[in-house]
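A.B. asks: Take this structure, written in structure tokens, and hold onto it; I'll ask about it next.
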Amino acid sequence: MLRVVMIALSVFCLLSFASCSKSVDNGDKKDAQIEVIRDGEVVLKGTNEVEFGKFVEGDKIRITTEEKFLKIKICNSIDETIVYLPDGKFEFVIPSGFDAQVFESGTFTDEKNIITAKNVGSDELNTERNLAFNPLDYRYESEVTQFDAKPGTLPADSAAVLNNEVLTYPHAYANRVTRNEAQFYARNAIDGINTKSGHGYYPFHSWGGGLYDDLEFVVYFGREVMVSKIAIAMRSDFSVMAGKEHDTYWEEITLVFSDGTEKVINLEKSGDFQEFDIEGITTTSLRLMNLKRNKSTPSQMYAALNEIQVWGTEIDG
Ligand SMILES: [Ca+2]
């Protein structure tokens with residue numbers, strides 16, 4: 001009898017997209033509500049962990065919670081990430097076209113997806129981790145700038161952050177994105193992927209702002225965090241064409257924290273992570289500016305960022 005009821009329930013869930021949540025013990029923390037919205041209609045609703053069928057481009061995953069932190073995973077191919085949600089709200093739209101090409105092919109075409117939104121324990125928040133990691137970050141419309149504007153004229157800060165549009169942190173922004181193409185979005189530098197010796201779409205996507213010397217890149221945390229170490233992996237397409245390598249590298253970068261602290265770092269020609277100790281600075285953001293390109297090797301003079309890690313802990317974990 002039980003078996004019949006279980007089968008009937010499964011069929012009911014599949015047919016109706018009804019709430020098919022898995023029971024999760026949250027202790028004294030609140031449940032997270034998960035919805036999938038297609039063409040304006042809620043087609044799945046549940047709490048904490050839900051099973052969904054195949055995504056369609058434009059499907060919106062919406063998660064709401066009374067907690068400030070969640071550990072979110074939306075599909076098989078994208079790693080789980082801890083995000084900070086000042087208003088308790090997360091949204092992610094299944095990308096299409098070029099925006100989808102910064103993800104591995106097939107990421108959004110699985111027949112079955114498990115979406116999870118787990119609470120994060122204080123132990124985990126107080127343990128050092130990469131506070132910049134967010135493969136679910138995306139560019140907001142208000143952040144699109146004129147990529148070839150006159151040097152020194154572009155907004156140093158994200159309009160989306162200033163307008164309180166950003167739901168989920170960490171969030172990356174850059175004042176220039178080459179031709180405003182997805183292969184060069186700022187979010188590419190915090191998605192956890194660093195593939196050496198190439199440029200372009202996945203797996204070589206990077207943040208790139210072209211041949212300008214006024215480039216700025218910011219990671220916003222949305223709250224104060226304590227930073228202890230930074231690791232930077234620059235793009236390293238050193239393939240040679242007509243006697244010139246494609247990429248050069250930044251030999252000097254100024255790191256700027258929200259309390260005004262500045263730290264100048266020097267880097268070497270490499271696609272590996274280069275680490276810099278920061279000695280416990282409290283900040284709400286990390287800005288990279290005064291990016292000085294090395295000009296000693298014949299190259300096309302492009303310099304770009306594959307990945308940045310910002311290691312540290314919460315202050316109010
Ligand atoms: Ca990356």
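Residues are named by chain letter and number: chains run A, B, ... in the order of the structure tokens, numbers start at 1 in each chain, and ligands are numbered from 1 in the order shown.
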Quick one: contact table of stretch 165-224 of chain A to stretch 121-130 of chain A, 12 Å max, nearest atom pair and distance in Å to one decimal per residue, counting only C-alpha atoms, chain and number order, as a Markdown table?
C.D. replies:
| residue | atom | partner | partner_atom | distance |
| --- | --- | --- | --- | --- |
| A:Pro170 | CA | A:Asn130 | CA | 10.2 |
| A:Ile190 | CA | A:Asn130 | CA | 9.7 |
| A:Asp191 | CA | A:Asn130 | CA | 11.1 |
| A:Gly192 | CA | A:Asn130 | CA | 9.7 |
| A:Val219 | CA | A:Asn130 | CA | 12.0 |
| A:Phe221 | CA | A:Asn130 | CA | 11.4 |
A.B. asks: For the residues selected in the previous step, produce a file with C-alpha atoms as a JSON list (two decimals), in the first residue's frame.
C.D. replies:
[["chain", "number", "residue", "atom", "x", "y", "z"],
["A", 170, "PRO", "CA", 29.76, 38.46, -3.39],
["A", 190, "ILE", "CA", 34.87, 34.97, -9.28],
["A", 191, "ASP", "CA", 33.33, 31.78, -10.72],
["A", 192, "GLY", "CA", 36.04, 29.43, -9.48],
["A", 219, "VAL", "CA", 34.37, 42.62, -5.57],
["A", 221, "PHE", "CA", 30.82, 41.63, -0.19]]
A.B. asks: Could you pull out the residues sitting within 6 Å of ligand 1, using only C-alpha atoms and all ligand atoms, and write them as a list in words?
C.D. replies: Asn188, Ala189, Ile190, Asp191, Gly192, Ile193, Asn194, Ser206, Asn306 and Glu307 of chain A
A.B. asks: Using only C-alpha atoms, which protein or nucleic acid residues come within 9 Å of A:Ile315? Drop anything in the same chain fewer than 6 positions from it, and give the result as a compact mmCIF listing (two decimals) with N, CA and C atoms, in the first residue's frame.
C.D. replies:
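Output below, filename part-v8.txt:
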# COMPACT_ATOMS: atom_id res chain seq x y z
N LEU A 125 30.92 29.80 8.90
CA LEU A 125 31.11 31.23 8.62
C LEU A 125 32.37 31.77 9.29
N ASN A 126 32.74 31.15 10.40
CA ASN A 126 33.93 31.62 11.12
C ASN A 126 35.21 30.94 10.66
N ARG A 223 28.66 43.30 3.11
CA ARG A 223 28.75 43.43 4.58
C ARG A 223 30.23 43.47 4.90
N GLU A 224 30.56 43.80 6.15
CA GLU A 224 31.97 43.82 6.52
C GLU A 224 32.49 42.39 6.68
N VAL A 225 33.67 42.17 6.11
CA VAL A 225 34.35 40.88 6.29
C VAL A 225 35.80 41.16 6.68
N MET A 226 36.45 40.14 7.20
CA MET A 226 37.86 40.27 7.57
C MET A 226 38.70 39.52 6.54
N THR A 282 39.49 44.86 7.71
CA THR A 282 38.03 44.80 7.70
C THR A 282 37.53 45.66 6.55
A.B. asks: Mind checking which residues fall within 12 Å of A:Lys150, counting only C-alpha atoms, ignoring those fewer than 2 positions away in the same chain, and posting them as a list in words?
C.D. replies: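 The filter keeps Thr145, Gln146, Phe147, Asp148, Gly152, Thr153, Leu154, Pro155, Asn175, Arg176, Tyr212, Asp213, Asp214 and Leu215 of chain A.
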A.B. asks: Just to be explicit: take each residue in the selection above, keep N, CA and C atoms, and write the result as a PDB file, in the first residue's frame.
C.D. replies:
ATOM      1  N   THR A 145      28.422  49.579 -19.297  1.00  0.00           N
ATOM      2  CA  THR A 145      29.007  50.890 -19.567  1.00  0.00           C
ATOM      3  C   THR A 145      29.455  50.958 -21.029  1.00  0.00           C
ATOM      4  N   GLN A 146      29.827  52.129 -21.448  1.00  0.00           N
ATOM      5  CA  GLN A 146      30.367  52.279 -22.807  1.00  0.00           C
ATOM      6  C   GLN A 146      31.816  51.805 -22.754  1.00  0.00           C
ATOM      7  N   PHE A 147      32.055  50.624 -23.285  1.00  0.00           N
ATOM      8  CA  PHE A 147      33.345  49.967 -23.060  1.00  0.00           C
ATOM      9  C   PHE A 147      34.516  50.741 -23.651  1.00  0.00           C
ATOM     10  N   ASP A 148      34.212  51.572 -24.676  1.00  0.00           N
ATOM     11  CA  ASP A 148      35.299  52.328 -25.320  1.00  0.00           C
ATOM     12  C   ASP A 148      35.226  53.821 -24.994  1.00  0.00           C
ATOM     13  N   GLY A 152      39.073  57.504 -17.990  1.00  0.00           N
ATOM     14  CA  GLY A 152      38.812  58.307 -16.799  1.00  0.00           C
ATOM     15  C   GLY A 152      37.388  58.805 -16.662  1.00  0.00           C
ATOM     16  N   THR A 153      36.481  58.355 -17.536  1.00  0.00           N
ATOM     17  CA  THR A 153      35.116  58.881 -17.490  1.00  0.00           C
ATOM     18  C   THR A 153      34.074  57.862 -17.005  1.00  0.00           C
ATOM     19  N   LEU A 154      34.497  56.637 -16.766  1.00  0.00           N
ATOM     20  CA  LEU A 154      33.511  55.588 -16.450  1.00  0.00           C
ATOM     21  C   LEU A 154      33.275  55.460 -14.940  1.00  0.00           C
ATOM     22  N   PRO A 155      32.071  55.014 -14.561  1.00  0.00           N
ATOM     23  CA  PRO A 155      31.766  54.915 -13.126  1.00  0.00           C
ATOM     24  C   PRO A 155      32.642  53.881 -12.421  1.00  0.00           C
ATOM     25  N   ASN A 175      34.600  48.579 -14.480  1.00  0.00           N
ATOM     26  CA  ASN A 175      34.190  49.788 -15.210  1.00  0.00           C
ATOM     27  C   ASN A 175      34.199  49.568 -16.723  1.00  0.00           C
ATOM     28  N   ARG A 176      35.042  48.666 -17.215  1.00  0.00           N
ATOM     29  CA  ARG A 176      35.024  48.318 -18.643  1.00  0.00           C
ATOM     30  C   ARG A 176      34.947  46.812 -18.817  1.00  0.00           C
ATOM     31  N   TYR A 212      43.186  49.465 -22.121  1.00  0.00           N
ATOM     32  CA  TYR A 212      43.034  50.727 -21.385  1.00  0.00           C
ATOM     33  C   TYR A 212      43.848  50.664 -20.092  1.00  0.00           C
ATOM     34  N   ASP A 213      44.244  51.834 -19.645  1.00  0.00           N
ATOM     35  CA  ASP A 213      45.014  51.898 -18.404  1.00  0.00           C
ATOM     36  C   ASP A 213      44.192  52.435 -17.230  1.00  0.00           C
ATOM     37  N   ASP A 214      42.875  52.619 -17.455  1.00  0.00           N
ATOM     38  CA  ASP A 214      42.027  53.113 -16.355  1.00  0.00           C
ATOM     39  C   ASP A 214      41.081  52.016 -15.847  1.00  0.00           C
ATOM     40  N   LEU A 215      41.440  50.764 -16.101  1.00  0.00           N
ATOM     41  CA  LEU A 215      40.556  49.663 -15.711  1.00  0.00           C
ATOM     42  C   LEU A 215      40.446  49.559 -14.190  1.00  0.00           C
TER      43      LEU A 215
END
A.B. asks: Do you know which residues are at most 10 Å from A:Glu41 counting only C-alpha atoms, after dropping those on the same chain fewer than 6 positions away, and could you put them as a list in words?
C.D. replies: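 Answer for this query is Glu35, Asp59 and Lys60 of chain A.
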A.B. asks: For C-alpha atoms, I'd like the residues from the last selection saved as an mmCIF file, in the first residue's frame.
C.D. replies:
data_model
loop_
_atom_site.group_PDB
_atom_site.id
_atom_site.type_symbol
_atom_site.label_atom_id
_atom_site.label_comp_id
_atom_site.auth_asym_id
_atom_site.auth_seq_id
_atom_site.Cartn_x
_atom_site.Cartn_y
_atom_site.Cartn_z
ATOM 1 C CA GLU A 35 10.558 28.516 -6.541
ATOM 2 C CA ASP A 59 13.521 30.020 -16.169
ATOM 3 C CA LYS A 60 13.998 31.969 -12.962
#
A.B. asks: So which bits of stretch 95-282 of chain A end up alpha helix (DSSP H) when you DSSP the backbone, as a list in words?
C.D. replies: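 Answer for stretch 95-282 of chain A, restricted to alpha helix (DSSP H): Ser122, Asp123, Glu124, Leu125, Ala159, Ala160, Val161 and Leu162 of chain A.
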A.B. asks: What would the file look like if the residues just selected were written as a PDB file, in the first residue's frame with C-alpha atoms?
C.D. replies:
ATOM      1  CA  SER A 122      28.419  29.659  12.471  1.00  0.00           C
ATOM      2  CA  ASP A 123      31.379  27.243  12.459  1.00  0.00           C
ATOM      3  CA  GLU A 124      31.494  27.435   8.689  1.00  0.00           C
ATOM      4  CA  LEU A 125      31.105  31.228   8.624  1.00  0.00           C
ATOM      5  CA  ALA A 159      25.213  51.284 -10.415  1.00  0.00           C
ATOM      6  CA  ALA A 160      23.423  48.099  -9.363  1.00  0.00           C
ATOM      7  CA  VAL A 161      25.134  48.159  -5.966  1.00  0.00           C
ATOM      8  CA  LEU A 162      24.452  51.884  -5.514  1.00  0.00           C
TER       9      LEU A 162
END
A.B. asks: Determine which residues of stretch 64-182 of chain A receive a DSSP assignment of strand (DSSP E or B), computed from the backbone, and state them as a ChimeraX atom specification.
C.D. replies: /A:64,69-73,81-84,89-93,113-118,129-130,169,171-174
A.B. asks: With C-alpha atoms kept, could you save the residues just selected as a tab-separated table (two decimals), in the first residue's frame?
C.D. replies:
chain	number	residue	atom	x	y	z
A	64	THR	CA	13.75	33.44	-0.15
A	69	PHE	CA	23.46	33.36	4.51
A	70	LEU	CA	22.62	30.35	2.39
A	71	LYS	CA	24.61	27.63	0.70
A	72	ILE	CA	23.06	27.36	-2.76
A	73	LYS	CA	23.38	24.82	-5.55
A	81	THR	CA	28.43	28.41	-2.96
A	82	ILE	CA	27.86	30.37	0.23
A	83	VAL	CA	26.13	33.66	-0.50
A	84	TYR	CA	25.10	36.64	1.61
A	89	LYS	CA	16.35	36.94	-1.57
A	90	PHE	CA	18.25	35.15	-4.36
A	91	GLU	CA	17.42	35.07	-8.06
A	92	PHE	CA	19.12	33.39	-10.99
A	93	VAL	CA	17.82	33.28	-14.56
A	113	ASN	CA	18.24	19.08	-11.41
A	114	ILE	CA	18.42	19.18	-7.64
A	115	ILE	CA	18.18	22.71	-6.25
A	116	THR	CA	19.37	23.12	-2.68
A	117	ALA	CA	19.36	26.09	-0.31
A	118	LYS	CA	20.99	25.07	2.96
A	129	ARG	CA	37.20	30.57	3.08
A	130	ASN	CA	37.29	32.28	-0.32
A	169	TYR	CA	26.90	38.82	-2.59
A	171	HIS	CA	29.23	40.45	-6.59
A	172	ALA	CA	31.82	41.52	-9.16
A	173	TYR	CA	31.81	44.73	-11.23
A	174	ALA	CA	34.24	46.33	-13.68
A.B. asks: If you measure from atom CA of A:Asn48 to atom CA of A:Ala32, what distance in Å do you get, rounded to one decimal?
C.D. replies: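 For atom CA of A:Asn48 relative to atom CA of A:Ala32, the distance reads 5.2 Å.
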A.B. asks: Do you know which residues are at most 7 Å from A:Ala233 counting only C-alpha atoms, after dropping those on the same chain fewer than 2 positions away, and could you put them as number ranges by chain?
C.D. replies: A: 231, 235, 271-274, 305-308
A.B. asks: Pick the closest to A:Tyr249 from A:Lys229, A:Ile278, A:Lys29, A:Arg293: which is it, counting only C-alpha atoms?
C.D. replies: A:Arg293
A.B. asks: Which neighbours of A:Phe108 fall inside 8 Å, counting only C-alpha atoms, when residues of the same chain fewer than 3 positions from it are skipped, and could you give them as a ChimeraX atom specification?
C.D. replies: /A:54-56,75,94
A.B. asks: When you draw a straight line from atom CA of A:Phe257 to atom CA of A:Tyr185, how long is it in Å?
C.D. replies: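 Between atom CA of A:Phe257 and atom CA of A:Tyr185 the gap works out to 21.7 Å.
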A.B. asks: Using only C-alpha atoms for the distances, tell me which of A:Val256, A:Ile232, A:Ala303, A:Leu131 is nearest to A:Glu275.
C.D. replies: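 Under the stated criterion, the closest residue is A:Ile232.
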A.B. asks: Find the residue from A:Asn134, A:Ser270, A:Ser258, A:Ser142 that sits nearest to A:Lys196; use only C-alpha atoms when measuring.
C.D. replies: A:Ser270
A.B. asks: Give me, please, the distance in Å between atom CA of A:Ile253 and atom CA of A:Asn266, quoted to one decimal.
C.D. replies: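 Straight-line distance from atom CA of A:Ile253 to atom CA of A:Asn266 works out to 6.6 Å.
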A.B. asks: Closest to A:Lys292 among A:Leu211, A:Ile230, A:Val218, A:Ala132, using only C-alpha atoms?
C.D. replies: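 Checking each candidate against A:Lys292, we get A:Leu211 as the closest.
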